[in-house]
Amino acid sequence: MPAKVFSITNQKGGTGKTTLSMNFAAGLTRRGRTLVIDADPQRSAGQWTGLASDERPFPVSVIAVAGNLAREVNHFRQDYDYIVIDCPPTLETDTVSLAMSASDTMLIPVLPSPIDLWASVRLANAIEQAKMSNRELKAFLVINQLEPRNALSRAMQQALEEFDIPSLTGGLRRRAIYRTSAIEGVSVFCMGKRGEAAAQEIESIIEELL
Amino acid sequence: MKQLGSKLADSVRQVKTQQAEKEGKEQKVQEDKTPEPILVSSRPEAPLPLFTSRRVWPD
Ligand SMILES: Nc1ncnc2c1ncn2[C@@H]1O[C@H](COP(=O)(O)OP(=O)(O)O)[C@@H](O)[C@H]1O
Ligand SMILES: [Mg+2]
C-alpha cells in the first residue's frame with residue numbers, strides 16, 4: 001500500500017505546523033514506517049532532529065525538499081506507510097498547492113485568536129479549489145495552544161463552525177513540554193511522565209485520523 | 001462567554017464575505033482584462049463621496 005500523506009499547513013507562521021508535524025510523525029512511527037518531508041525553507045524540522053543526541057535520535061527521518069514536492073512525495077510513497085509534510089508559511093509559492101495535490105489529508109493548526117482564524121479563511125478557500133483536482137483530499141482544522149480556562153479558547157468551537165473545513169475533536173493544549181521537547185530534539189513521547197498528557201493528545205489526533 | 005463565541009463567529013463570516021468579494025473581483029479582472037481600481041476603505045459602510053448637481057453644474 002502506498003503511504004498515506006499528511007500535509008501540515010497554514011500560511012501564517014507560528015501556528016504550530018512544525019510542532020504538530022514532528023510529534024504527529026513520532027506518534028505515527030509507532031504504527032508504521034514514517035518519513036517527515038521538510039518543505040519549509042526555514043528548515044525547523046531538520047533543525048529539530050539535529051538537536052537530538054546520538055543515544056536518542058529522533059525516531060523519524062527528516063528530508064528537506066526544495067524542488068518539485070509532488071515528485072518527491074511520489075518517489076517515497078512506496079517505501080513508507082506515512083509521510084508528513086511540514087509546509088512553509090505561505091500560499092504565494094507553489095509548494096502548498098503541490099502539497100495539496102500530493103496529499104490525502106491536510107491538517108491546519110489554528111491558534112485560538114481572531115487574526116489566526118481570519119487568516120485561515122483564505123487557506124480554506126484554496127483547499128476547496130484543490131479538491132476539484134484531488135477529489136479525495138480531506139482537510140481538518142486542529143486547534144493549537146488551547147487554554148481551557150481562557151474565554152477565547154472556549155469560544156473557538158462556535159467560530160470554527162463557520163468554516164467549510166471540519167475541525168478535529170482533539171486539539172493541542174498550550175503546554176511547555178511541546179517547547180522543551182524540541183530543545184532536546186525529541187518528541188513528547190520521549191519525555192516520560194512530563195510528556196504523558198501531550199502524548200495522549202497526539203495519540204487522540206492519530207486515532208481520529210486513521 | 002456565549003456572546004464572545006458569536007462575536008468571533010460573526011467576524012469569521014465577515015472575513016469570508018470580504019474574501020469572496022475580493023476573489024470575485026480578481027476573477028472579473030482576469031476575465032475582461034480591465035483592471036479595476038481597488039477601493040480600500042476602513043469604513044465600508046460610509047457612502048462614497050458624490051458630487052452634488054450644484055457642484056458639477058454651478059449656476
Ligand atoms: N501546543 C503548544 N504549546 C506550547 N507551545 C507551543 C505549542 N505549539 C507550538 N508551540 C510553540 O509555538 C511556537 C511556534 O510553533 P511552530 O511549531 O514553530 O509553528 P510553525 O511551524 O507554524 O511556524 C514555537 O515556539 C513552539 O514551540
Ligand atoms: Mg515551522
# chains A, B, ... in the order shown; residues from 1 in each chain; ligands from 1

$ residues_near_ligand --ligand "ligand 1" --cutoff "6 Å" --atoms "only C-alpha atoms and all ligand atoms" --output "ChimeraX atom specification"
/A:13-19,144-145,172-176,178-179

$ select_by_dssp --residues "region 18-190 of chain A" --states "strand (DSSP E)" --output "list in words"
Thr34, Leu35, Val36, Ile37, Asp38, Ser61, Val62, Ile63, Ala64, Tyr82, Ile83, Val84, Ile85, Asp86, Thr105, Met106, Leu107, Ile108, Pro109, Val110, Lys138, Ala139, Phe140, Leu141, Val142 and Ile143 of chain A

$ interface_residues --of "chain A" --to "chain B" --cutoff "8 Å" --atoms "only C-alpha atoms" --output "compact mmCIF listing (two decimals) with N, CA, C and O atoms, in the first residue's frame"
# COMPACT_ATOMS: atom_id res chain seq x y z
N PRO A 114 -8.62 35.67 16.95
CA PRO A 114 -9.36 36.09 15.76
C PRO A 114 -8.49 36.21 14.52
O PRO A 114 -8.85 35.72 13.45
N LEU A 117 -7.78 32.97 12.98
CA LEU A 117 -8.98 32.42 12.34
C LEU A 117 -9.22 33.08 10.99
O LEU A 117 -9.48 32.41 10.00
N TRP A 118 -9.09 34.41 10.94
CA TRP A 118 -9.34 35.12 9.69
C TRP A 118 -8.37 34.65 8.61
O TRP A 118 -8.75 34.48 7.46
N VAL A 121 -9.26 31.63 6.53
CA VAL A 121 -10.34 31.69 5.54
C VAL A 121 -9.78 31.50 4.13
O VAL A 121 -10.30 30.72 3.33
N ARG A 122 -8.68 32.19 3.84
CA ARG A 122 -8.10 32.11 2.50
C ARG A 122 -7.58 30.69 2.22
O ARG A 122 -7.73 30.16 1.13
N ALA A 151 -11.24 32.49 27.84
CA ALA A 151 -12.56 32.66 27.21
C ALA A 151 -12.51 32.48 25.70
O ALA A 151 -13.39 31.86 25.11
N LEU A 152 -11.45 33.02 25.05
CA LEU A 152 -11.36 32.89 23.60
C LEU A 152 -11.23 31.43 23.18
O LEU A 152 -11.82 30.99 22.20
N ARG A 154 -12.41 28.96 24.69
CA ARG A 154 -13.70 28.29 24.83
C ARG A 154 -14.69 28.75 23.77
O ARG A 154 -15.62 28.03 23.43
N ALA A 155 -14.46 29.96 23.25
CA ALA A 155 -15.37 30.49 22.23
C ALA A 155 -15.06 29.94 20.83
O ALA A 155 -15.84 30.11 19.90
N MET A 156 -13.92 29.27 20.70
CA MET A 156 -13.46 28.82 19.38
C MET A 156 -14.46 27.92 18.67
O MET A 156 -14.67 28.02 17.47
N GLN A 157 -15.06 27.00 19.43
CA GLN A 157 -15.90 25.99 18.81
C GLN A 157 -16.95 26.61 17.90
O GLN A 157 -17.14 26.19 16.76
N GLN A 158 -17.59 27.65 18.40
CA GLN A 158 -18.66 28.29 17.65
C GLN A 158 -18.11 28.93 16.36
O GLN A 158 -18.72 28.83 15.30
N ALA A 159 -16.94 29.56 16.48
CA ALA A 159 -16.35 30.22 15.30
C ALA A 159 -15.92 29.19 14.26
O ALA A 159 -16.03 29.42 13.06
N LEU A 160 -15.44 28.06 14.73
CA LEU A 160 -14.95 27.04 13.79
C LEU A 160 -16.08 26.46 12.94
O LEU A 160 -15.85 25.96 11.84
N GLU A 161 -17.31 26.56 13.47
CA GLU A 161 -18.45 26.05 12.70
C GLU A 161 -18.68 26.86 11.43
O GLU A 161 -19.35 26.40 10.51
N GLU A 162 -18.12 28.07 11.38
CA GLU A 162 -18.27 28.91 10.19
C GLU A 162 -17.44 28.41 9.01
O GLU A 162 -17.65 28.82 7.88

$ residues_near_ligand --ligand "ligand 2" --cutoff "12 Å" --atoms "only C-alpha atoms and all ligand atoms" --output "JSON, numbers by chain"
{"A": [8, 9, 10, 11, 12, 13, 14, 15, 16, 17, 18, 19, 20, 21, 22, 37, 38, 39, 40, 41, 42, 43, 44, 45, 46, 47, 48, 85, 86, 87, 88, 89, 90, 109, 182]}

$ write_last_selection --atoms "N, CA and C atoms" --output "compact mmCIF listing (two decimals), in the first residue's frame"
# COMPACT_ATOMS: atom_id res chain seq x y z
N ILE A 8 0.92 19.36 6.82
CA ILE A 8 0.58 20.26 7.92
C ILE A 8 0.82 21.67 7.39
N THR A 9 -0.26 22.42 7.29
CA THR A 9 -0.14 23.69 6.58
C THR A 9 -0.92 24.82 7.24
N ASN A 10 -0.43 26.01 7.02
CA ASN A 10 -1.13 27.26 7.39
C ASN A 10 -0.22 28.36 6.87
N GLN A 11 -0.79 29.33 6.16
CA GLN A 11 0.09 30.35 5.58
C GLN A 11 0.59 31.33 6.62
N LYS A 12 0.10 31.20 7.85
CA LYS A 12 0.63 32.02 8.93
C LYS A 12 1.76 31.28 9.62
N GLY A 13 2.74 32.02 10.07
CA GLY A 13 3.82 31.41 10.83
C GLY A 13 3.41 31.25 12.29
N GLY A 14 4.07 30.36 12.99
CA GLY A 14 3.89 30.26 14.43
C GLY A 14 2.59 29.61 14.88
N THR A 15 1.89 28.92 13.99
CA THR A 15 0.62 28.32 14.41
C THR A 15 0.82 26.89 14.94
N GLY A 16 2.03 26.37 14.79
CA GLY A 16 2.32 25.04 15.33
C GLY A 16 2.50 23.96 14.27
N LYS A 17 2.77 24.35 13.04
CA LYS A 17 2.95 23.36 11.97
C LYS A 17 4.09 22.39 12.29
N THR A 18 5.25 22.96 12.64
CA THR A 18 6.40 22.09 12.88
C THR A 18 6.20 21.26 14.15
N THR A 19 5.66 21.88 15.18
CA THR A 19 5.41 21.16 16.43
C THR A 19 4.46 19.99 16.19
N LEU A 20 3.39 20.24 15.44
CA LEU A 20 2.44 19.16 15.15
C LEU A 20 3.08 18.13 14.23
N SER A 21 3.78 18.58 13.19
CA SER A 21 4.42 17.65 12.25
C SER A 21 5.31 16.65 12.97
N MET A 22 6.18 17.17 13.83
CA MET A 22 7.19 16.31 14.46
C MET A 22 6.56 15.35 15.46
N ILE A 37 8.81 15.14 5.53
CA ILE A 37 9.38 15.98 4.48
C ILE A 37 9.33 17.42 4.95
N ASP A 38 10.50 18.02 5.04
CA ASP A 38 10.61 19.42 5.48
C ASP A 38 10.55 20.30 4.24
N ALA A 39 9.39 20.88 3.99
CA ALA A 39 9.21 21.69 2.79
C ALA A 39 9.29 23.19 3.10
N ASP A 40 9.66 23.51 4.34
CA ASP A 40 9.78 24.91 4.74
C ASP A 40 11.24 25.34 4.66
N PRO A 41 11.53 26.38 3.86
CA PRO A 41 12.92 26.84 3.74
C PRO A 41 13.55 27.23 5.08
N GLN A 42 12.71 27.47 6.10
CA GLN A 42 13.28 27.75 7.42
C GLN A 42 13.93 26.53 8.04
N ARG A 43 13.56 25.36 7.53
CA ARG A 43 14.19 24.09 7.93
C ARG A 43 14.11 23.80 9.43
N SER A 44 13.01 24.19 10.06
CA SER A 44 12.88 23.95 11.51
C SER A 44 12.82 22.45 11.83
N ALA A 45 12.17 21.67 10.97
CA ALA A 45 12.06 20.24 11.24
C ALA A 45 13.45 19.60 11.23
N GLY A 46 14.25 19.99 10.26
CA GLY A 46 15.62 19.47 10.18
C GLY A 46 16.44 19.90 11.39
N GLN A 47 16.26 21.16 11.81
CA GLN A 47 16.99 21.65 12.98
C GLN A 47 16.60 20.87 14.23
N TRP A 48 15.34 20.55 14.32
CA TRP A 48 14.81 19.81 15.47
C TRP A 48 15.54 18.47 15.61
N ILE A 85 4.26 16.10 5.73
CA ILE A 85 4.93 17.25 5.09
C ILE A 85 4.75 18.49 5.95
N ASP A 86 5.85 19.05 6.41
CA ASP A 86 5.83 20.31 7.17
C ASP A 86 5.93 21.44 6.15
N CYS A 87 4.81 22.14 5.94
CA CYS A 87 4.73 23.14 4.86
C CYS A 87 5.25 24.52 5.28
N PRO A 88 5.66 25.32 4.31
CA PRO A 88 6.10 26.69 4.63
C PRO A 88 4.90 27.59 4.90
N PRO A 89 5.12 28.69 5.64
CA PRO A 89 4.00 29.58 5.97
C PRO A 89 3.69 30.56 4.84
N THR A 90 3.30 30.05 3.69
CA THR A 90 2.96 30.94 2.58
C THR A 90 2.05 30.22 1.59
N PRO A 109 -3.19 23.62 11.66
CA PRO A 109 -3.20 24.10 13.03
C PRO A 109 -3.61 25.57 13.09
N ALA A 182 11.43 20.07 22.09
CA ALA A 182 12.14 20.50 20.88
C ALA A 182 13.61 20.81 21.19

$ closest_residue --among "A:Ile205, A:Ala130, A:Ala99, A:Ala26" --to "Ser61 (chain A)" --atoms "only C-alpha atoms"
A:Ala26

$ residues_around --residues "region 50-60 of chain A" --least-positions-apart "2" --cutoff "12 Å" --atoms "only C-alpha atoms" --output "PyMOL selection string"
chain A and resi 21-38+43-48+62-63+80+82-84+180-191

$ residues_around --residues "Phe6 (chain A)" --least-positions-apart "3" --cutoff "6 Å" --atoms "only C-alpha atoms" --output "PDB file with C-alpha atoms, in the first residue's frame"
ATOM      1  CA  VAL A  84       4.190  14.001   6.942  1.00  0.00           C
ATOM      2  CA  SER A 103      -1.703  14.627  -0.014  1.00  0.00           C
ATOM      3  CA  THR A 105      -5.125  14.831   4.296  1.00  0.00           C
ATOM      4  CA  MET A 106      -4.358  18.458   5.114  1.00  0.00           C
TER       5      MET A 106
END

$ atom_distance --atom1 "CA of Ala126 (chain A)" --atom2 "CA of Thr93 (chain A)"
12.8 Å

$ atom_distance --atom1 "CA of Ile202 (chain A)" --atom2 "CA of Ile127 (chain A)"
23.6 Å

$ select_by_dssp --residues "region 32-89 of chain A" --states "alpha helix (DSSP H)" --output "PDB file with all heavy atoms, in the first residue's frame"
ATOM      1  N   SER A  44      13.014  24.185  10.064  1.00  0.00           N
ATOM      2  CA  SER A  44      12.883  23.946  11.506  1.00  0.00           C
ATOM      3  C   SER A  44      12.822  22.451  11.826  1.00  0.00           C
ATOM      4  O   SER A  44      13.366  22.013  12.840  1.00  0.00           O
ATOM      5  CB  SER A  44      11.615  24.613  12.040  1.00  0.00           C
ATOM      6  OG  SER A  44      11.517  25.928  11.592  1.00  0.00           O
ATOM      7  N   ALA A  45      12.167  21.673  10.972  1.00  0.00           N
ATOM      8  CA  ALA A  45      12.058  20.235  11.244  1.00  0.00           C
ATOM      9  C   ALA A  45      13.447  19.596  11.233  1.00  0.00           C
ATOM     10  O   ALA A  45      13.786  18.788  12.109  1.00  0.00           O
ATOM     11  CB  ALA A  45      11.142  19.567  10.215  1.00  0.00           C
ATOM     12  N   GLY A  46      14.248  19.987  10.261  1.00  0.00           N
ATOM     13  CA  GLY A  46      15.620  19.472  10.183  1.00  0.00           C
ATOM     14  C   GLY A  46      16.438  19.898  11.394  1.00  0.00           C
ATOM     15  O   GLY A  46      17.203  19.107  11.963  1.00  0.00           O
ATOM     16  N   GLN A  47      16.258  21.156  11.810  1.00  0.00           N
ATOM     17  CA  GLN A  47      16.994  21.653  12.982  1.00  0.00           C
ATOM     18  C   GLN A  47      16.604  20.874  14.231  1.00  0.00           C
ATOM     19  O   GLN A  47      17.427  20.552  15.077  1.00  0.00           O
ATOM     20  CB  GLN A  47      16.697  23.145  13.191  1.00  0.00           C
ATOM     21  CG  GLN A  47      17.340  24.019  12.135  1.00  0.00           C
ATOM     22  CD  GLN A  47      16.767  25.440  12.106  1.00  0.00           C
ATOM     23  OE1 GLN A  47      15.739  25.733  12.704  1.00  0.00           O
ATOM     24  NE2 GLN A  47      17.446  26.317  11.384  1.00  0.00           N
ATOM     25  N   TRP A  48      15.342  20.554  14.319  1.00  0.00           N
ATOM     26  CA  TRP A  48      14.809  19.811  15.473  1.00  0.00           C
ATOM     27  C   TRP A  48      15.545  18.467  15.613  1.00  0.00           C
ATOM     28  O   TRP A  48      16.100  18.156  16.674  1.00  0.00           O
ATOM     29  CB  TRP A  48      13.316  19.584  15.254  1.00  0.00           C
ATOM     30  CG  TRP A  48      12.526  19.013  16.391  1.00  0.00           C
ATOM     31  CD1 TRP A  48      12.871  17.957  17.179  1.00  0.00           C
ATOM     32  CD2 TRP A  48      11.243  19.465  16.841  1.00  0.00           C
ATOM     33  NE1 TRP A  48      11.878  17.709  18.090  1.00  0.00           N
ATOM     34  CE2 TRP A  48      10.862  18.623  17.905  1.00  0.00           C
ATOM     35  CE3 TRP A  48      10.368  20.473  16.445  1.00  0.00           C
ATOM     36  CZ2 TRP A  48       9.650  18.767  18.567  1.00  0.00           C
ATOM     37  CZ3 TRP A  48       9.170  20.615  17.110  1.00  0.00           C
ATOM     38  CH2 TRP A  48       8.817  19.775  18.161  1.00  0.00           C
ATOM     39  N   THR A  49      15.604  17.693  14.539  1.00  0.00           N
ATOM     40  CA  THR A  49      16.278  16.383  14.637  1.00  0.00           C
ATOM     41  C   THR A  49      17.768  16.559  14.839  1.00  0.00           C
ATOM     42  O   THR A  49      18.419  15.710  15.443  1.00  0.00           O
ATOM     43  CB  THR A  49      16.056  15.518  13.383  1.00  0.00           C
ATOM     44  OG1 THR A  49      16.520  16.257  12.249  1.00  0.00           O
ATOM     45  CG2 THR A  49      14.608  15.165  13.195  1.00  0.00           C
ATOM     46  N   GLY A  50      18.308  17.685  14.351  1.00  0.00           N
ATOM     47  CA  GLY A  50      19.734  17.955  14.518  1.00  0.00           C
ATOM     48  C   GLY A  50      20.110  18.117  15.990  1.00  0.00           C
ATOM     49  O   GLY A  50      21.262  17.928  16.370  1.00  0.00           O
ATOM     50  N   LEU A  69       7.802  19.217  -5.028  1.00  0.00           N
ATOM     51  CA  LEU A  69       7.366  18.453  -3.859  1.00  0.00           C
ATOM     52  C   LEU A  69       6.558  17.220  -4.256  1.00  0.00           C
ATOM     53  O   LEU A  69       6.770  16.126  -3.723  1.00  0.00           O
ATOM     54  CB  LEU A  69       6.551  19.370  -2.953  1.00  0.00           C
ATOM     55  CG  LEU A  69       6.089  18.809  -1.626  1.00  0.00           C
ATOM     56  CD1 LEU A  69       7.263  18.378  -0.775  1.00  0.00           C
ATOM     57  CD2 LEU A  69       5.265  19.838  -0.876  1.00  0.00           C
ATOM     58  N   ALA A  70       5.643  17.372  -5.208  1.00  0.00           N
ATOM     59  CA  ALA A  70       4.783  16.253  -5.599  1.00  0.00           C
ATOM     60  C   ALA A  70       5.626  15.097  -6.139  1.00  0.00           C
ATOM     61  O   ALA A  70       5.365  13.925  -5.840  1.00  0.00           O
ATOM     62  CB  ALA A  70       3.769  16.715  -6.634  1.00  0.00           C
ATOM     63  N   ARG A  71       6.655  15.430  -6.914  1.00  0.00           N
ATOM     64  CA  ARG A  71       7.511  14.380  -7.473  1.00  0.00           C
ATOM     65  C   ARG A  71       8.259  13.653  -6.360  1.00  0.00           C
ATOM     66  O   ARG A  71       8.373  12.433  -6.355  1.00  0.00           O
ATOM     67  CB  ARG A  71       8.498  15.006  -8.468  1.00  0.00           C
ATOM     68  CG  ARG A  71       9.077  13.989  -9.422  1.00  0.00           C
ATOM     69  CD  ARG A  71       9.971  14.664 -10.441  1.00  0.00           C
ATOM     70  NE  ARG A  71      10.975  15.485  -9.789  1.00  0.00           N
ATOM     71  CZ  ARG A  71      11.527  16.569 -10.339  1.00  0.00           C
ATOM     72  NH1 ARG A  71      11.153  16.954 -11.539  1.00  0.00           N
ATOM     73  NH2 ARG A  71      12.436  17.272  -9.698  1.00  0.00           N
ATOM     74  N   GLU A  72       8.758  14.417  -5.379  1.00  0.00           N
ATOM     75  CA  GLU A  72       9.492  13.801  -4.263  1.00  0.00           C
ATOM     76  C   GLU A  72       8.575  12.894  -3.452  1.00  0.00           C
ATOM     77  O   GLU A  72       8.971  11.825  -3.025  1.00  0.00           O
ATOM     78  CB  GLU A  72      10.089  14.882  -3.352  1.00  0.00           C
ATOM     79  CG  GLU A  72      11.162  15.728  -4.007  1.00  0.00           C
ATOM     80  CD  GLU A  72      12.370  14.914  -4.447  1.00  0.00           C
ATOM     81  OE1 GLU A  72      12.657  13.895  -3.793  1.00  0.00           O
ATOM     82  OE2 GLU A  72      13.005  15.292  -5.442  1.00  0.00           O
ATOM     83  N   VAL A  73       7.351  13.335  -3.239  1.00  0.00           N
ATOM     84  CA  VAL A  73       6.401  12.515  -2.473  1.00  0.00           C
ATOM     85  C   VAL A  73       6.174  11.196  -3.212  1.00  0.00           C
ATOM     86  O   VAL A  73       6.214  10.121  -2.612  1.00  0.00           O
ATOM     87  CB  VAL A  73       5.065  13.267  -2.256  1.00  0.00           C
ATOM     88  CG1 VAL A  73       4.002  12.338  -1.693  1.00  0.00           C
ATOM     89  CG2 VAL A  73       5.280  14.449  -1.315  1.00  0.00           C
ATOM     90  N   ASN A  74       5.967  11.264  -4.516  1.00  0.00           N
ATOM     91  CA  ASN A  74       5.743  10.048  -5.286  1.00  0.00           C
ATOM     92  C   ASN A  74       6.932   9.113  -5.210  1.00  0.00           C
ATOM     93  O   ASN A  74       6.782   7.900  -5.156  1.00  0.00           O
ATOM     94  CB  ASN A  74       5.453  10.385  -6.751  1.00  0.00           C
ATOM     95  CG  ASN A  74       4.005  10.797  -6.907  1.00  0.00           C
ATOM     96  OD1 ASN A  74       3.147  10.357  -6.136  1.00  0.00           O
ATOM     97  ND2 ASN A  74       3.740  11.657  -7.874  1.00  0.00           N
ATOM     98  N   HIS A  75       8.101   9.697  -5.155  1.00  0.00           N
ATOM     99  CA  HIS A  75       9.335   8.930  -5.069  1.00  0.00           C
ATOM    100  C   HIS A  75       9.367   8.073  -3.800  1.00  0.00           C
ATOM    101  O   HIS A  75       9.853   6.950  -3.799  1.00  0.00           O
ATOM    102  CB  HIS A  75      10.508   9.912  -5.111  1.00  0.00           C
ATOM    103  CG  HIS A  75      11.842   9.278  -5.022  1.00  0.00           C
ATOM    104  ND1 HIS A  75      12.425   8.641  -6.083  1.00  0.00           N
ATOM    105  CD2 HIS A  75      12.698   9.168  -3.982  1.00  0.00           C
ATOM    106  CE1 HIS A  75      13.598   8.159  -5.700  1.00  0.00           C
ATOM    107  NE2 HIS A  75      13.783   8.469  -4.432  1.00  0.00           N
ATOM    108  N   PHE A  76       8.850   8.637  -2.693  1.00  0.00           N
ATOM    109  CA  PHE A  76       8.929   7.943  -1.402  1.00  0.00           C
ATOM    110  C   PHE A  76       7.666   7.161  -1.051  1.00  0.00           C
ATOM    111  O   PHE A  76       7.650   6.423  -0.081  1.00  0.00           O
ATOM    112  CB  PHE A  76       9.202   8.951  -0.285  1.00  0.00           C
ATOM    113  CG  PHE A  76      10.588   9.516  -0.323  1.00  0.00           C
ATOM    114  CD1 PHE A  76      10.816  10.832  -0.677  1.00  0.00           C
ATOM    115  CD2 PHE A  76      11.685   8.709  -0.023  1.00  0.00           C
ATOM    116  CE1 PHE A  76      12.098  11.351  -0.723  1.00  0.00           C
ATOM    117  CE2 PHE A  76      12.974   9.228  -0.063  1.00  0.00           C
ATOM    118  CZ  PHE A  76      13.179  10.548  -0.420  1.00  0.00           C
TER     119      PHE A  76
END

$ decode --residues "region 58-84 of chain A" --atoms "N, CA and C atoms" --output "compact mmCIF listing (two decimals), in the first residue's frame"
# COMPACT_ATOMS: atom_id res chain seq x y z
N PHE A 58 16.05 11.25 16.91
CA PHE A 58 14.62 11.41 16.63
C PHE A 58 14.17 10.17 15.87
N PRO A 59 13.02 9.58 16.21
CA PRO A 59 12.64 8.28 15.64
C PRO A 59 12.22 8.31 14.18
N VAL A 60 12.15 9.49 13.59
CA VAL A 60 11.70 9.59 12.20
C VAL A 60 12.75 10.36 11.39
N SER A 61 13.04 9.90 10.17
CA SER A 61 13.97 10.65 9.31
C SER A 61 13.27 11.86 8.74
N VAL A 62 14.04 12.93 8.61
CA VAL A 62 13.52 14.16 8.01
C VAL A 62 14.33 14.43 6.75
N ILE A 63 13.66 14.60 5.63
CA ILE A 63 14.39 15.03 4.44
C ILE A 63 13.88 16.41 4.03
N ALA A 64 14.81 17.23 3.57
CA ALA A 64 14.45 18.57 3.13
C ALA A 64 14.21 18.53 1.63
N VAL A 65 13.14 19.14 1.20
CA VAL A 65 12.82 19.17 -0.22
C VAL A 65 12.65 20.62 -0.65
N ALA A 66 13.37 20.97 -1.73
CA ALA A 66 13.24 22.34 -2.23
C ALA A 66 12.63 22.35 -3.63
N GLY A 67 12.75 21.23 -4.34
CA GLY A 67 12.27 21.21 -5.73
C GLY A 67 10.80 20.87 -5.83
N ASN A 68 10.46 20.03 -6.80
CA ASN A 68 9.07 19.66 -7.02
C ASN A 68 8.60 18.69 -5.94
N LEU A 69 7.80 19.22 -5.03
CA LEU A 69 7.37 18.45 -3.86
C LEU A 69 6.56 17.22 -4.26
N ALA A 70 5.64 17.37 -5.21
CA ALA A 70 4.78 16.25 -5.60
C ALA A 70 5.63 15.10 -6.14
N ARG A 71 6.66 15.43 -6.91
CA ARG A 71 7.51 14.38 -7.47
C ARG A 71 8.26 13.65 -6.36
N GLU A 72 8.76 14.42 -5.38
CA GLU A 72 9.49 13.80 -4.26
C GLU A 72 8.57 12.89 -3.45
N VAL A 73 7.35 13.33 -3.24
CA VAL A 73 6.40 12.52 -2.47
C VAL A 73 6.17 11.20 -3.21
N ASN A 74 5.97 11.26 -4.52
CA ASN A 74 5.74 10.05 -5.29
C ASN A 74 6.93 9.11 -5.21
N HIS A 75 8.10 9.70 -5.15
CA HIS A 75 9.33 8.93 -5.07
C HIS A 75 9.37 8.07 -3.80
N PHE A 76 8.85 8.64 -2.69
CA PHE A 76 8.93 7.94 -1.40
C PHE A 76 7.67 7.16 -1.05
N ARG A 77 6.63 7.35 -1.81
CA ARG A 77 5.32 6.79 -1.45
C ARG A 77 5.32 5.28 -1.23
N GLN A 78 6.10 4.56 -2.04
CA GLN A 78 6.09 3.10 -1.93
C GLN A 78 6.91 2.59 -0.74
N ASP A 79 7.82 3.42 -0.24
CA ASP A 79 8.74 2.95 0.79
C ASP A 79 8.26 3.23 2.22
N TYR A 80 7.19 3.97 2.34
CA TYR A 80 6.73 4.35 3.68
C TYR A 80 5.23 4.08 3.84
N ASP A 81 4.82 4.01 5.09
CA ASP A 81 3.38 3.88 5.37
C ASP A 81 2.76 5.27 5.56
N TYR A 82 3.56 6.18 6.14
CA TYR A 82 3.06 7.53 6.41
C TYR A 82 4.12 8.56 6.01
N ILE A 83 3.68 9.60 5.35
CA ILE A 83 4.56 10.73 5.04
C ILE A 83 3.90 11.99 5.61
N VAL A 84 4.69 12.76 6.35
CA VAL A 84 4.19 14.00 6.94
C VAL A 84 4.97 15.16 6.33
